[in-house]
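S.K.: Contents of coords_33.pdb (PDB, C-alpha atoms and all ligand atoms):
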ATOM      1  CA  MET S  36     -11.835  53.152 -18.791
ATOM      2  CA  ASN S  37     -10.653  49.790 -20.119
ATOM      3  CA  LYS S  38      -9.163  46.864 -18.195
ATOM      4  CA  ASP S  39      -5.538  47.838 -18.801
ATOM      5  CA  ASP S  40      -6.161  51.331 -17.484
ATOM      6  CA  LEU S  41      -7.551  49.841 -14.257
ATOM      7  CA  LEU S  42      -4.859  47.260 -13.610
ATOM      8  CA  GLY S  43      -1.954  49.723 -13.400
ATOM      9  CA  PRO S  44      -3.331  51.754 -10.461
ATOM     10  CA  ILE S  45      -4.598  48.610  -8.698
ATOM     11  CA  ALA S  46      -1.146  47.001  -8.916
ATOM     12  CA  ALA S  47       0.437  50.195  -7.588
ATOM     13  CA  MET S  48      -2.062  50.288  -4.708
ATOM     14  CA  LEU S  49      -1.283  46.676  -3.796
ATOM     15  CA  GLU S  50       2.415  47.354  -3.874
ATOM     16  CA  ALA S  51       1.952  50.329  -1.586
ATOM     17  CA  GLN S  52       0.216  48.041   0.912
ATOM     18  CA  GLY S  53       2.974  45.414   0.731
ATOM     19  CA  LEU S  54       0.754  42.964  -1.169
ATOM     20  CA  THR S  55       1.424  41.055  -4.372
ATOM     21  CA  MET S  56      -0.832  40.005  -7.228
ATOM     22  CA  ALA S  57      -0.472  36.452  -5.939
ATOM     23  CA  ASP S  58      -1.956  37.494  -2.578
ATOM     24  CA  LEU S  59      -4.884  39.032  -4.392
ATOM     25  CA  ALA S  60      -5.335  36.008  -6.625
ATOM     26  CA  GLU S  61      -5.438  33.636  -3.687
ATOM     27  CA  PHE S  62      -7.941  35.814  -1.872
ATOM     28  CA  THR S  63     -10.395  36.330  -4.695
ATOM     29  CA  ARG S  64     -10.390  32.704  -5.794
ATOM     30  CA  ASN S  65     -11.941  31.619  -2.570
ATOM     31  CA  ASP S  66     -15.716  31.094  -2.822
ATOM     32  CA  GLU S  67     -16.404  32.699   0.525
ATOM     33  CA  GLY S  68     -13.951  35.461  -0.200
ATOM     34  CA  ALA S  69     -11.819  34.839   2.869
ATOM     35  CA  PRO S  70      -8.418  33.178   2.918
ATOM     36  CA  SER S  71      -9.089  31.599   6.281
ATOM     37  CA  SER S  72     -11.955  29.559   4.833
ATOM     38  CA  ARG S  73      -9.500  27.659   2.671
ATOM     39  CA  PRO S  74      -9.455  24.006   3.657
ATOM     40  CA  THR S  75      -6.711  22.599   5.794
ATOM     41  CA  ILE S  76      -4.564  19.864   4.275
ATOM     42  CA  LYS S  77      -6.290  17.346   6.521
ATOM     43  CA  ALA S  78      -9.786  18.376   5.400
ATOM     44  CA  PHE S  79      -8.743  18.508   1.754
ATOM     45  CA  VAL S  80      -7.265  15.008   1.822
ATOM     46  CA  ALA S  81     -10.386  13.679   3.523
ATOM     47  CA  THR S  82     -12.757  15.069   0.893
ATOM     48  CA  LYS S  83     -11.039  15.688  -2.413
ATOM     49  CA  ILE S  84      -8.230  13.291  -2.980
ATOM     50  CA  LEU S  85      -9.043   9.625  -2.876
ATOM     51  CA  GLY S  86     -12.165   9.457  -5.056
ATOM     52  CA  GLY S  87     -11.586   7.775  -8.400
ATOM     53  CA  LEU S  88      -8.589   5.795  -7.198
ATOM     54  CA  SER S  89      -8.456   2.022  -6.949
ATOM     55  CA  LYS S  90      -8.571   0.601  -3.433
ATOM     56  CA  ASN S  91      -4.910  -0.360  -3.696
ATOM     57  CA  SER S  92      -3.847   3.140  -4.698
ATOM     58  CA  GLN S  93      -6.032   4.652  -1.979
ATOM     59  CA  ARG S  94      -4.290   2.559   0.644
ATOM     60  CA  SER S  95      -0.808   3.337  -0.682
ATOM     61  CA  TYR S  96      -1.475   7.064  -1.051
ATOM     62  CA  HIS S  97      -3.130   7.274   2.330
ATOM     63  CA  THR S  98       0.010   6.091   4.061
ATOM     64  CA  HIS S  99       1.884   9.076   2.677
ATOM     65  CA  PHE S 100      -0.924  11.588   3.179
ATOM     66  CA  ASN S 101      -0.931  10.481   6.815
ATOM     67  CA  HIS S 102       2.797  11.200   7.029
ATOM     68  CA  LEU S 103       2.089  14.682   5.694
ATOM     69  CA  ILE S 104      -0.868  15.269   8.023
ATOM     70  CA  GLU S 105       0.536  13.733  11.175
ATOM     71  CA  GLY S 106       4.228  14.295  10.612
ATOM     72  CA  ILE S 107       7.069  11.793  10.930
ATOM     73  CA  VAL S 108       8.780  11.137  14.232
ATOM     74  CA  ARG S 109      12.537  11.362  14.619
ATOM     75  CA  GLN S 110      14.443   9.202  12.127
ATOM     76  CA  CYS S 111      18.171   8.733  11.926
ATOM     77  CA  GLU S 112      19.940   7.528   8.817
ATOM     78  CA  CYS S 113      21.987   4.938  10.677
ATOM     79  CA  VAL S 114      21.334   1.305   9.770
ATOM     80  CA  CYS S 115      23.291  -0.317  12.602
ATOM     81  CA  SER S 116      21.415  -3.217  14.206
ATOM     82  CA  ALA S 117      20.612  -1.139  17.319
ATOM     83  CA  CYS S 118      18.887   1.562  15.254
ATOM     84  CA  ILE S 119      17.079  -1.020  13.086
ATOM     85  CA  LYS S 120      15.768  -2.790  16.191
ATOM     86  CA  ASP S 121      14.819   0.539  17.727
ATOM     87  CA  PHE S 122      12.810   1.377  14.613
ATOM     88  CA  ALA S 123      11.110  -2.040  14.535
ATOM     89  CA  ARG S 124      10.105  -1.621  18.172
ATOM     90  CA  SER S 125       9.088   2.026  18.278
ATOM     91  CA  GLY S 126       8.900   3.375  14.722
ATOM     92  CA  THR S 127      11.541   5.941  15.617
ATOM     93  CA  CYS S 128      15.132   6.111  16.780
ATOM     94  CA  THR S 129      15.993   6.909  20.358
ATOM     95  CA  CYS S 130      19.744   6.742  19.847
ATOM     96  CA  THR S 131      21.602   9.793  21.058
ATOM     97  CA  THR S 132      24.642   9.321  18.866
ATOM     98  CA  CYS S 133      23.015   9.733  15.457
ATOM     99  CA  ALA S 134      23.639  13.339  14.536
ATOM    100  CA  THR S 135      21.649  12.987  11.321
ATOM    101  CA  ALA S 136      18.278  12.338  12.973
ATOM    102  CA  ARG S 137      15.481  14.539  11.640
ATOM    103  CA  THR S 138      11.766  15.025  12.249
ATOM    104  CA  PHE S 139       9.046  16.087   9.817
ATOM    105  CA  PRO S 140       6.447  18.288  11.524
ATOM    106  CA  ALA S 141       2.681  17.619  11.203
ATOM    107  CA  GLN S 142       1.051  19.695   8.459
ATOM    108  CA  GLY S 143      -2.597  18.617   8.739
ATOM    109  CA  ASP S 144      -3.774  21.967  10.155
ATOM    110  CA  VAL S 145      -2.037  24.086   7.530
ATOM    111  CA  PHE S 146      -4.522  26.124   5.454
ATOM    112  CA  ILE S 147      -3.789  25.470   1.800
ATOM    113  CA  SER S 148      -2.315  28.346  -0.194
ATOM    114  CA  THR S 149       0.559  28.618  -2.642
ATOM    115  CA  SER S 150       2.894  30.132  -0.092
ATOM    116  CA  ALA S 151       1.880  27.715   2.684
ATOM    117  CA  ILE S 152       2.474  24.651   0.504
ATOM    118  CA  ALA S 153       5.721  26.078  -0.858
ATOM    119  CA  SER S 154       7.033  26.527   2.664
ATOM    120  CA  ILE S 155       6.577  22.845   3.560
ATOM    121  CA  ASP S 156       9.790  20.849   3.222
ATOM    122  CA  LEU S 157       8.300  18.014   1.183
ATOM    123  CA  GLU S 158      11.784  16.915   0.178
ATOM    124  CA  LEU S 159      12.482  16.163   3.835
ATOM    125  CA  MET S 160       9.286  14.131   4.078
ATOM    126  CA  VAL S 161      10.286  12.066   1.028
ATOM    127  CA  GLU S 162      13.754  11.509   2.491
ATOM    128  CA  LEU S 163      12.332  10.287   5.799
ATOM    129  CA  VAL S 164       9.856   7.982   4.054
ATOM    130  CA  HIS S 165      12.808   6.553   2.157
ATOM    131  CA  ILE S 166      14.816   6.055   5.358
ATOM    132  CA  MET S 167      11.889   4.381   7.124
ATOM    133  CA  ALA S 168      11.366   1.994   4.196
ATOM    134  CA  VAL S 169      15.035   1.001   4.296
ATOM    135  CA  LYS S 170      14.886   0.397   8.042
ATOM    136  CA  ARG S 171      11.635  -1.545   7.830
ATOM    137  CA  ALA S 172      13.053  -3.769   5.082
ATOM    138  CA  GLN S 173      16.274  -4.377   7.026
ATOM    139  CA  GLY S 174      14.286  -5.264  10.147
ATOM    140  CA  GLU S 175      12.140  -7.686   8.156
ATOM    141  CA  ASN S 176      15.280  -9.241   6.722
ATOM    142  CA  PHE S 177      16.558  -9.983  10.246
ATOM    143  CA  ILE S 178      13.356 -11.935  10.831
ATOM    144  CA  ARG S 179      13.497 -13.592   7.410
ATOM    145  CA  ALA S 180      17.087 -14.651   8.021
ATOM    146  CA  ARG S 181      16.081 -16.262  11.323
ATOM    147  CA  GLN S 182      13.355 -18.165   9.500
ATOM    148  CA  GLY S 183      15.800 -19.289   6.832
ATOM    149  CA  LEU S 184      14.118 -17.195   4.130
ATOM    150  CA  SER S 185      15.964 -15.283   1.434
ATOM    151  CA  ILE S 186      16.446 -11.575   2.022
ATOM    152  CA  LYS S 187      14.457  -8.902   0.227
ATOM    153  CA  PRO S 188      15.731  -5.670  -1.330
ATOM    154  CA  THR S 189      16.292  -2.827   1.130
ATOM    155  CA  HIS S 190      16.770   0.159  -1.161
ATOM    156  CA  GLY S 191      13.484   1.862  -0.223
ATOM    157  CA  GLN S 192      13.011   3.003  -3.805
ATOM    158  CA  GLY S 193       9.411   1.765  -4.064
ATOM    159  CA  ALA S 194       8.309   3.738  -1.001
ATOM    160  CA  ARG S 195      10.094   6.862  -2.256
ATOM    161  CA  GLU S 196       8.385   6.638  -5.639
ATOM    162  CA  MET S 197       4.967   6.042  -4.120
ATOM    163  CA  CYS S 198       5.439   8.990  -1.748
ATOM    164  CA  VAL S 199       6.429  11.334  -4.578
ATOM    165  CA  THR S 200       3.508  10.105  -6.699
ATOM    166  CA  ALA S 201       1.076  10.700  -3.823
ATOM    167  CA  LEU S 202       2.418  14.229  -3.310
ATOM    168  CA  HIS S 203       2.162  14.962  -7.043
ATOM    169  CA  ARG S 204      -1.460  13.891  -6.984
ATOM    170  CA  LEU S 205      -2.160  16.026  -3.948
ATOM    171  CA  LYS S 206      -0.625  19.092  -5.565
ATOM    172  CA  ALA S 207      -2.409  18.438  -8.863
ATOM    173  CA  ARG S 208      -5.744  18.289  -7.033
ATOM    174  CA  MET S 209      -4.952  21.532  -5.180
ATOM    175  CA  ILE S 210      -4.188  23.191  -8.520
ATOM    176  CA  GLU S 211      -7.402  21.825 -10.066
ATOM    177  CA  ASN S 212      -9.342  23.238  -7.148
ATOM    178  CA  LYS S 213      -7.619  26.593  -7.666
ATOM    179  CA  LEU S 214      -6.164  26.515  -4.179
ATOM    180  CA  ILE S 215      -2.543  26.891  -5.288
ATOM    181  CA  GLU S 216      -0.741  28.179  -8.356
ATOM    182  CA  PRO S 217       0.717  25.611 -10.765
ATOM    183  CA  ASP S 218       4.207  24.564  -9.726
ATOM    184  CA  THR S 219       7.082  26.466 -11.204
ATOM    185  CA  GLU S 220       9.523  23.701 -10.349
ATOM    186  CA  LYS S 221       9.022  19.977 -10.777
ATOM    187  CA  GLY S 222       8.774  19.044  -7.083
ATOM    188  CA  SER S 223      10.351  16.089  -5.305
ATOM    189  CA  LYS S 224      12.489  13.685  -7.273
ATOM    190  CA  LYS S 225      11.660  10.025  -7.542
ATOM    191  CA  GLY S 226      15.310   9.010  -7.436
ATOM    192  CA  GLU S 227      17.060   6.455  -9.593
ATOM    193  CA  ARG S 228      15.946   2.880  -9.880
ATOM    194  CA  GLY S 229      18.621   0.239  -9.589
ATOM    195  CA  GLN S 230      18.917  -2.459 -12.194
ATOM    196  CA  PRO S 231      16.122  -4.983 -11.579
ATOM    197  CA  LYS S 232      17.502  -8.157 -10.052
ATOM    198  CA  ARG S 233      14.351 -10.204 -10.468
ATOM    199  CA  ARG S 234      13.331 -11.941 -13.639
ATOM    200  CA  ALA S 235      10.522 -14.176 -14.735
ATOM    201  CA  LEU S 236      11.040 -17.931 -14.739
ATOM    202  CA  THR S 237      11.399 -19.426 -18.187
ATOM    203  CA  ASP S 238       8.862 -22.033 -19.268
ATOM    204  CA  ASP S 239      11.457 -24.742 -18.757
ATOM    205  CA  GLU S 240      12.247 -23.562 -15.238
ATOM    206  CA  LEU S 241       8.553 -23.380 -14.392
ATOM    207  CA  ALA S 242       8.045 -26.909 -15.697
ATOM    208  CA  GLU S 243      10.948 -28.016 -13.511
ATOM    209  CA  VAL S 244       9.352 -26.410 -10.431
ATOM    210  CA  PHE S 245       6.033 -28.124 -11.079
ATOM    211  CA  SER S 246       7.529 -31.515 -11.807
ATOM    212  CA  THR S 247       9.581 -31.316  -8.596
ATOM    213  CA  VAL S 248       6.538 -30.272  -6.565
ATOM    214  CA  ALA S 249       4.364 -33.003  -8.076
ATOM    215  CA  SER S 250       6.878 -35.784  -7.604
ATOM    216  CA  GLY S 251       7.711 -35.759  -3.898
ATOM    217  CA  GLY S 252       6.801 -34.713  -0.408
ATOM    218  CA  ASP S 253       4.078 -35.919   1.974
ATOM    219  CA  ASP S 254       1.229 -34.885  -0.247
ATOM    220  CA  ALA S 255       2.335 -34.138  -3.786
ATOM    221  CA  VAL S 256      -1.137 -33.397  -5.164
ATOM    222  CA  LEU S 257      -1.833 -30.876  -2.423
ATOM    223  CA  ASP S 258       1.549 -29.259  -2.995
ATOM    224  CA  LEU S 259       0.761 -29.032  -6.688
ATOM    225  CA  ALA S 260      -2.655 -27.466  -5.932
ATOM    226  CA  LEU S 261      -1.039 -24.846  -3.704
ATOM    227  CA  THR S 262       1.872 -24.099  -6.022
ATOM    228  CA  TRP S 263      -0.251 -23.946  -9.162
ATOM    229  CA  SER S 264      -2.749 -21.619  -7.447
ATOM    230  CA  GLU S 265      -0.043 -19.363  -6.077
ATOM    231  CA  PHE S 266       1.670 -19.064  -9.450
ATOM    232  CA  GLU S 267      -1.424 -18.614 -11.553
ATOM    233  CA  LEU S 268      -3.317 -16.286  -9.210
ATOM    234  CA  ALA S 269      -0.208 -14.445  -8.010
ATOM    235  CA  ALA S 270      -1.821 -15.039  -4.629
ATOM    236  CA  ARG S 271      -0.304 -15.100  -1.200
ATOM    237  CA  ARG S 272      -0.132 -18.440   0.527
ATOM    238  CA  GLY S 273      -2.630 -17.335   3.173
ATOM    239  CA  GLY S 274      -5.150 -16.486   0.457
ATOM    240  CA  VAL S 275      -4.823 -19.879  -1.186
ATOM    241  CA  LEU S 276      -4.960 -21.738   2.137
ATOM    242  CA  SER S 277      -8.219 -20.058   3.071
ATOM    243  CA  LEU S 278      -9.823 -20.556  -0.328
ATOM    244  CA  ILE S 279     -13.233 -22.213  -0.073
ATOM    245  CA  ILE S 280     -15.111 -24.159  -2.675
ATOM    246  CA  GLY S 281     -17.852 -21.541  -2.876
ATOM    247  CA  GLU S 282     -15.316 -19.075  -4.251
ATOM    248  CA  LEU S 283     -14.735 -21.127  -7.385
ATOM    249  CA  ASP S 284     -17.023 -19.802 -10.098
ATOM    250  CA  ARG S 285     -16.593 -22.160 -13.016
ATOM    251  CA  GLU S 286     -19.108 -20.435 -15.264
ATOM    252  CA  ALA S 287     -17.495 -17.002 -14.953
ATOM    253  CA  GLN S 288     -14.016 -18.535 -14.645
ATOM    254  CA  MET S 289     -13.334 -16.435 -11.575
ATOM    255  CA  ILE S 290     -11.928 -17.129  -8.110
ATOM    256  CA  GLY S 291     -12.607 -15.030  -4.992
ATOM    257  CA  LEU S 292      -9.534 -14.687  -2.802
ATOM    258  CA  LEU S 293      -8.586 -13.043   0.443
ATOM    259  CA  GLU S 294      -5.549 -10.942  -0.355
ATOM    260  CA  LYS S 295      -3.132  -8.945   1.763
ATOM    261  CA  SER S 296      -4.799  -7.267   4.777
ATOM    262  CA  ASN S 297      -7.871  -9.503   4.405
ATOM    263  CA  ARG S 298      -8.902  -7.652   1.264
ATOM    264  CA  TYR S 299     -11.364  -9.667  -0.810
ATOM    265  CA  GLU S 300     -10.762  -9.748  -4.581
ATOM    266  CA  VAL S 301     -12.387 -11.737  -7.364
ATOM    267  CA  GLN S 302     -10.047 -12.529 -10.208
ATOM    268  CA  PRO S 303      -9.971 -14.499 -13.449
ATOM    269  CA  CYS S 304      -8.204 -17.822 -13.755
ATOM    270  CA  SER S 305      -7.936 -20.750 -16.135
ATOM    271  CA  LEU S 306     -10.668 -23.339 -16.389
ATOM    272  CA  GLU S 307      -7.982 -25.992 -15.908
ATOM    273  CA  LEU S 308      -7.124 -24.634 -12.472
ATOM    274  CA  ILE S 309     -10.775 -24.360 -11.395
ATOM    275  CA  ASP S 310     -11.461 -27.942 -12.508
ATOM    276  CA  PHE S 311      -8.307 -29.172 -10.832
ATOM    277  CA  LEU S 312      -9.230 -27.476  -7.543
ATOM    278  CA  MET S 313     -12.834 -28.698  -7.701
ATOM    279  CA  ASP S 314     -11.822 -32.297  -8.367
ATOM    280  CA  PHE S 315      -9.184 -32.053  -5.720
ATOM    281  CA  ALA S 316     -11.562 -30.604  -3.126
ATOM    282  CA  ALA S 317     -14.131 -33.301  -3.910
ATOM    283  CA  SER S 318     -11.519 -36.034  -3.641
ATOM    284  CA  ARG S 319     -10.631 -34.793  -0.144
ATOM    285  CA  GLY S 320     -14.191 -34.731   1.094
ATOM    286  CA  ALA S 321     -15.133 -31.082   0.569
ATOM    287  CA  THR S 322     -18.784 -30.757  -0.387
ATOM    288  CA  SER S 323     -20.569 -28.088  -2.333
ATOM    289  CA  ALA S 324     -23.240 -28.029   0.390
ATOM    290  CA  CYS S 325     -21.135 -25.515   2.314
ATOM    291  CA  ARG S 326     -20.578 -22.900  -0.312
ATOM    292  CA  ASP S 327     -20.745 -19.743   1.743
ATOM    293  CA  ARG S 328     -17.888 -17.892   3.297
ATOM    294  CA  PRO S 329     -18.599 -17.503   7.027
ATOM    295  CA  SER S 330     -19.807 -14.032   7.963
ATOM    296  CA  THR S 331     -16.755 -13.370  10.082
ATOM    297  CA  THR S 332     -13.697 -12.490   8.037
ATOM    298  CA  ARG S 333     -11.514 -15.527   7.652
ATOM    299  CA  THR S 334      -7.804 -15.426   8.128
ATOM    300  CA  PRO S 335      -5.284 -18.042   7.143
ATOM    301  CA  ARG S 336      -5.297 -19.137  10.752
ATOM    302  CA  SER S 337      -9.042 -19.465  11.177
ATOM    303  CA  SER S 338      -8.985 -23.097  10.126
ATOM    304  CA  THR S 339      -6.513 -23.651  12.929
ATOM    305  CA  SER S 340      -8.733 -22.044  15.513
ATOM    306  CA  ARG S 341     -11.732 -23.987  14.265
ATOM    307  CA  THR S 342     -10.704 -26.956  16.373
ATOM    308  CA  ALA S 343     -11.365 -24.734  19.379
ATOM    309  CA  ARG S 344     -14.861 -23.990  18.035
ATOM    310  CA  PRO S 345     -16.167 -27.405  17.007
ATOM    311  CA  ASN S 346     -19.750 -26.256  16.434
ATOM    312  CA  THR S 347     -19.046 -23.669  13.757
ATOM    313  CA  PRO S 348     -19.795 -24.822  10.213
ATOM    314  CA  ILE S 349     -16.823 -25.882   8.128
ATOM    315  CA  PRO S 350     -16.924 -24.034   4.813
ATOM    316  CA  SER S 351     -14.963 -26.605   2.789
ATOM    317  CA  PRO S 352     -11.655 -24.810   2.412
ATOM    318  CA  VAL S 353      -9.913 -26.018  -0.686
ATOM    319  CA  GLY S 354      -6.520 -25.500   0.875
ATOM    320  CA  ALA S 355      -6.555 -25.896   4.616
ATOM    321  CA  SER S 356      -9.155 -28.581   5.236
ATOM    322  CA  ILE S 357      -7.668 -30.603   2.445
ATOM    323  CA  ARG S 358      -4.134 -30.354   3.683
ATOM    324  CA  CYS S 359      -5.110 -32.035   6.927
ATOM    325  CA  THR S 360      -8.464 -33.665   7.350
ATOM    326  CA  ASP S 361      -8.486 -32.886  11.067
ATOM    327  CA  ALA S 362      -7.810 -29.198  10.278
ATOM    328  CA  SER S 363      -5.370 -29.023  13.120
ATOM    329  CA  ASN S 364      -2.418 -27.411  11.407
TER     330      ASN S 364
HETATM  331 ZN    ZN Q 401      22.774   3.378  14.710
HETATM  332 ZN    ZN Q 402      19.795   5.909  15.309
END
Let me see whether you can do it: turn the structure in this file into structure tokens.

M.R.:
Amino acid sequence: MNKDDLLGPIAAMLEAQGLTMADLAEFTRNDEGAPSSRPTIKAFVATKILGGLSKNSQRSYHTHFNHLIEGIVRQCECVCSACIKDFARSGTCTCTTCATARTFPAQGDVFISTSAIASIDLELMVELVHIMAVKRAQGENFIRARQGLSIKPTHGQGAREMCVTALHRLKARMIENKLIEPDTEKGSKKGERGQPKRRALTDDELAEVFSTVASGGDDAVLDLALTWSEFELAARRGGVLSLIIGELDREAQMIGLLEKSNRYEVQPCSLELIDFLMDFAASRGATSACRDRPSTTRTPRSSTSRTARPNTPIPSPVGASIRCTDASN
């Protein structure tokens, strides 16, 4: 009896039992031979997903995997100031008037199979991620406006795209691990990007910025050091302010910086900038004797708190200790 002769009766038998070929395929693909031993989404994400990704991608993806695993609390689509403030305070919306409010249920304990994944409303999750990003951005803009800062975009498109990308990766890994069938449809949409409103400064404009910075203010050389570093390293101000002399590696032409969330990154930079910072640090009394970053993680504010801890060693910050020799602001 050949294979074709066998398959016909087996298919008929399955049909008689109310089973499909897909049910059989899912069952037999499991190593232990039991559907219940399939991993849950939570276990799968913990073991199979994040390897091979950069730290940045891991962090971004993890945010969305957590939404999938833990669910998303009630979100309304309203962007009135009451709902924005509510979101900023509680991460949800407690308003009773918003008829559009929706919740995405936690899926971490779902055992992975084609039918189980297909029954999850991932589109809803993407929508809620989008809504939360819009609300977060609007809330931050309230604060920025109070501080006299320019507002930032509030379209939520970046969060939506990252969420869809994370879900695509998750599904691709499930398919690779033969836990689900390849998708028949494309999955969640990334949405349309608006026309970019940002542009790079031209060389002339950049020169204008630098000449303005270097020609006025209380401490023009310091301002130039900060501005040049921020532009060239694409660093956040906090990272530049907490830079210490020991992080300048002239030979390798690299600078170690504390980035967002106290993440430490070493990155290339021009020799001109390194020399400028070294000369500058030396001219303001920083010494190469203290070249080591303190063992505790430094924050932009740690030079402020140092005045409260006069016995701790000062690690020659290029930014902060230079800005004010008494390190008090
Ligand atoms: Zn509202
Ligand atoms: Zn609301």

S.K.: Would you kindly translate the PyMOL selection byres (((not hetatm)) within 12 of (chain Q and resi 401)) into the concrete residues it picks from this file, as a list in words?

M.R.: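 Output of the PyMOL selection byres (((not hetatm)) within 12 of (chain Q and resi 401)): Gln110, Cys111, Glu112, Cys113, Val114, Cys115, Ser116, Ala117, Cys118, Ile119, Lys120, Asp121, Phe122, Thr127, Cys128, Thr129, Cys130, Thr131, Thr132, Cys133, Ala134, Thr135, Ala136 and Lys170 of chain S.
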
S.K.: Excluding Lys295 (chain S) and its own-chain neighbours fewer than 6 positions away, which residues fall within 12 Å of it when counting only C-alpha atoms? Please give them as a VMD selection string.

M.R.: chain S and resid 91 94 269 to 275 334 to 335

S.K.: Written as a compact mmCIF listing (two decimals) with C-alpha atoms, in the coordinates of the input, what is the full residue list that the PyMOL selection byres (((chain S and resi 152) around 12) and not hetatm) yields on the file shown?

M.R.:
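Final file, out-v8.txt:
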# COMPACT_ATOMS: atom_id res chain seq x y z
CA THR S 75 -6.71 22.60 5.79
CA ILE S 76 -4.56 19.86 4.28
CA LEU S 103 2.09 14.68 5.69
CA GLN S 142 1.05 19.70 8.46
CA GLY S 143 -2.60 18.62 8.74
CA ASP S 144 -3.77 21.97 10.15
CA VAL S 145 -2.04 24.09 7.53
CA PHE S 146 -4.52 26.12 5.45
CA ILE S 147 -3.79 25.47 1.80
CA SER S 148 -2.32 28.35 -0.19
CA THR S 149 0.56 28.62 -2.64
CA SER S 150 2.89 30.13 -0.09
CA ALA S 151 1.88 27.72 2.68
CA ALA S 153 5.72 26.08 -0.86
CA SER S 154 7.03 26.53 2.66
CA ILE S 155 6.58 22.84 3.56
CA ASP S 156 9.79 20.85 3.22
CA LEU S 157 8.30 18.01 1.18
CA LEU S 202 2.42 14.23 -3.31
CA LEU S 205 -2.16 16.03 -3.95
CA LYS S 206 -0.62 19.09 -5.56
CA MET S 209 -4.95 21.53 -5.18
CA ILE S 210 -4.19 23.19 -8.52
CA LEU S 214 -6.16 26.52 -4.18
CA ILE S 215 -2.54 26.89 -5.29
CA GLU S 216 -0.74 28.18 -8.36
CA PRO S 217 0.72 25.61 -10.76
CA ASP S 218 4.21 24.56 -9.73
CA GLY S 222 8.77 19.04 -7.08

S.K.: Figure out the distance between CA of Gln288 (chain S) and CA of Gln302 (chain S), please, to one decimal in Å.

M.R.: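 According to the coordinates, CA of Gln302 (chain S) and CA of Gln288 (chain S) are separated by 8.5 Å.
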
S.K.: For the file shown, report as JSON, numbers by chain the outcome of the PyMOL selection byres (((chain S and resi 226) around 9) and not hetatm) at residue level.

M.R.: {"S": [192, 195, 196, 223, 224, 225, 227, 228]}

S.K.: Go ahead and write the residues just picked, C-alpha atoms, as a PDB file, keeping the file's coordinate frame.

M.R.:
ATOM      1  CA  GLN S 192      13.011   3.003  -3.805  1.00  0.00           C
ATOM      2  CA  ARG S 195      10.094   6.862  -2.256  1.00  0.00           C
ATOM      3  CA  GLU S 196       8.385   6.638  -5.639  1.00  0.00           C
ATOM      4  CA  SER S 223      10.351  16.089  -5.305  1.00  0.00           C
ATOM      5  CA  LYS S 224      12.489  13.685  -7.273  1.00  0.00           C
ATOM      6  CA  LYS S 225      11.660  10.025  -7.542  1.00  0.00           C
ATOM      7  CA  GLU S 227      17.060   6.455  -9.593  1.00  0.00           C
ATOM      8  CA  ARG S 228      15.946   2.880  -9.880  1.00  0.00           C
TER       9      ARG S 228
END

S.K.: Using CA of Glu162 (chain S) and CA of Leu184 (chain S) as the two end points, give the distance in Å to one decimal.

M.R.: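 Atom-to-atom, CA of Glu162 (chain S) to CA of Leu184 (chain S), that is 28.8 Å.
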
S.K.: Which value, in Å to one decimal, gives the distance between CA of Gly291 (chain S) and CA of Gly87 (chain S)?

M.R.: 23.1 Å

S.K.: Pick out the residues sitting within 9 Å of Thr189 (chain S), and hand them over as a list in words; count all atoms listed in the file, and ignore anything fewer than 5 positions along from it in its own chain.

M.R.: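 Skipping anything fewer than 5 positions along the chain leaves Ala168, Val169, Lys170, Arg171, Ala172, Gln173 and Asn176 of chain S.
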
S.K.: Taking all listed atoms of region 97-114 of chain S, build the axis-aligned box, pad each of the six sides by 6 Å, then write its centre and edge lengths in Å to one decimal as lines of an AutoDock Vina configuration file.

M.R.:
center_x = 9.4
center_y = 8.3
center_z = 8.5
size_x = 37.1
size_y = 26.0
size_z = 24.3

S.K.: Neighbouring residues of His97 (chain S) were defined as those with any atom within 9 Å, considering only C-alpha atoms; residues of the same chain fewer than 6 positions away were excluded. Please report them as a PDB file with C-alpha atoms, in the frame of the given file.

M.R.:
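selection-v1.pdb was written with the following content:
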ATOM      1  CA  VAL S  80      -7.265  15.008   1.822  1.00  0.00           C
ATOM      2  CA  LEU S  85      -9.043   9.625  -2.876  1.00  0.00           C
ATOM      3  CA  ALA S 201       1.076  10.700  -3.823  1.00  0.00           C
TER       4      ALA S 201
END

S.K.: Using only C-alpha atoms, pick whichever of S:Gln52, S:Asn212, S:Ser277, S:Ser264 has the shortest atom-to-atom distance to Pro303 (chain S).

M.R.: S:Ser264

S.K.: Measuring between all atoms listed in the file, which one of S:Arg181, S:Lys90, S:Lys38, S:Arg109 shows the shortest distance to ligand ZN 402 (chain Q)?

M.R.: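 Comparing S:Arg181, S:Lys90, S:Lys38, S:Arg109 against ligand ZN 402 (chain Q), the winner is S:Arg109.
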
S.K.: Looking at only C-alpha atoms and all ligand atoms, which of S:Arg137, S:Arg298, S:Arg208, S:Arg234 is the one that sits closest to ligand ZN 402 (chain Q)?

M.R.: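 Smallest distance to ligand ZN 402 (chain Q) is found for S:Arg137.
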
S.K.: Between S:Gly174, S:Ala51, S:Leu312, S:Thr200, single out the one closest to Gly126 (chain S), counting all atoms listed in the file.

M.R.: S:Gly174
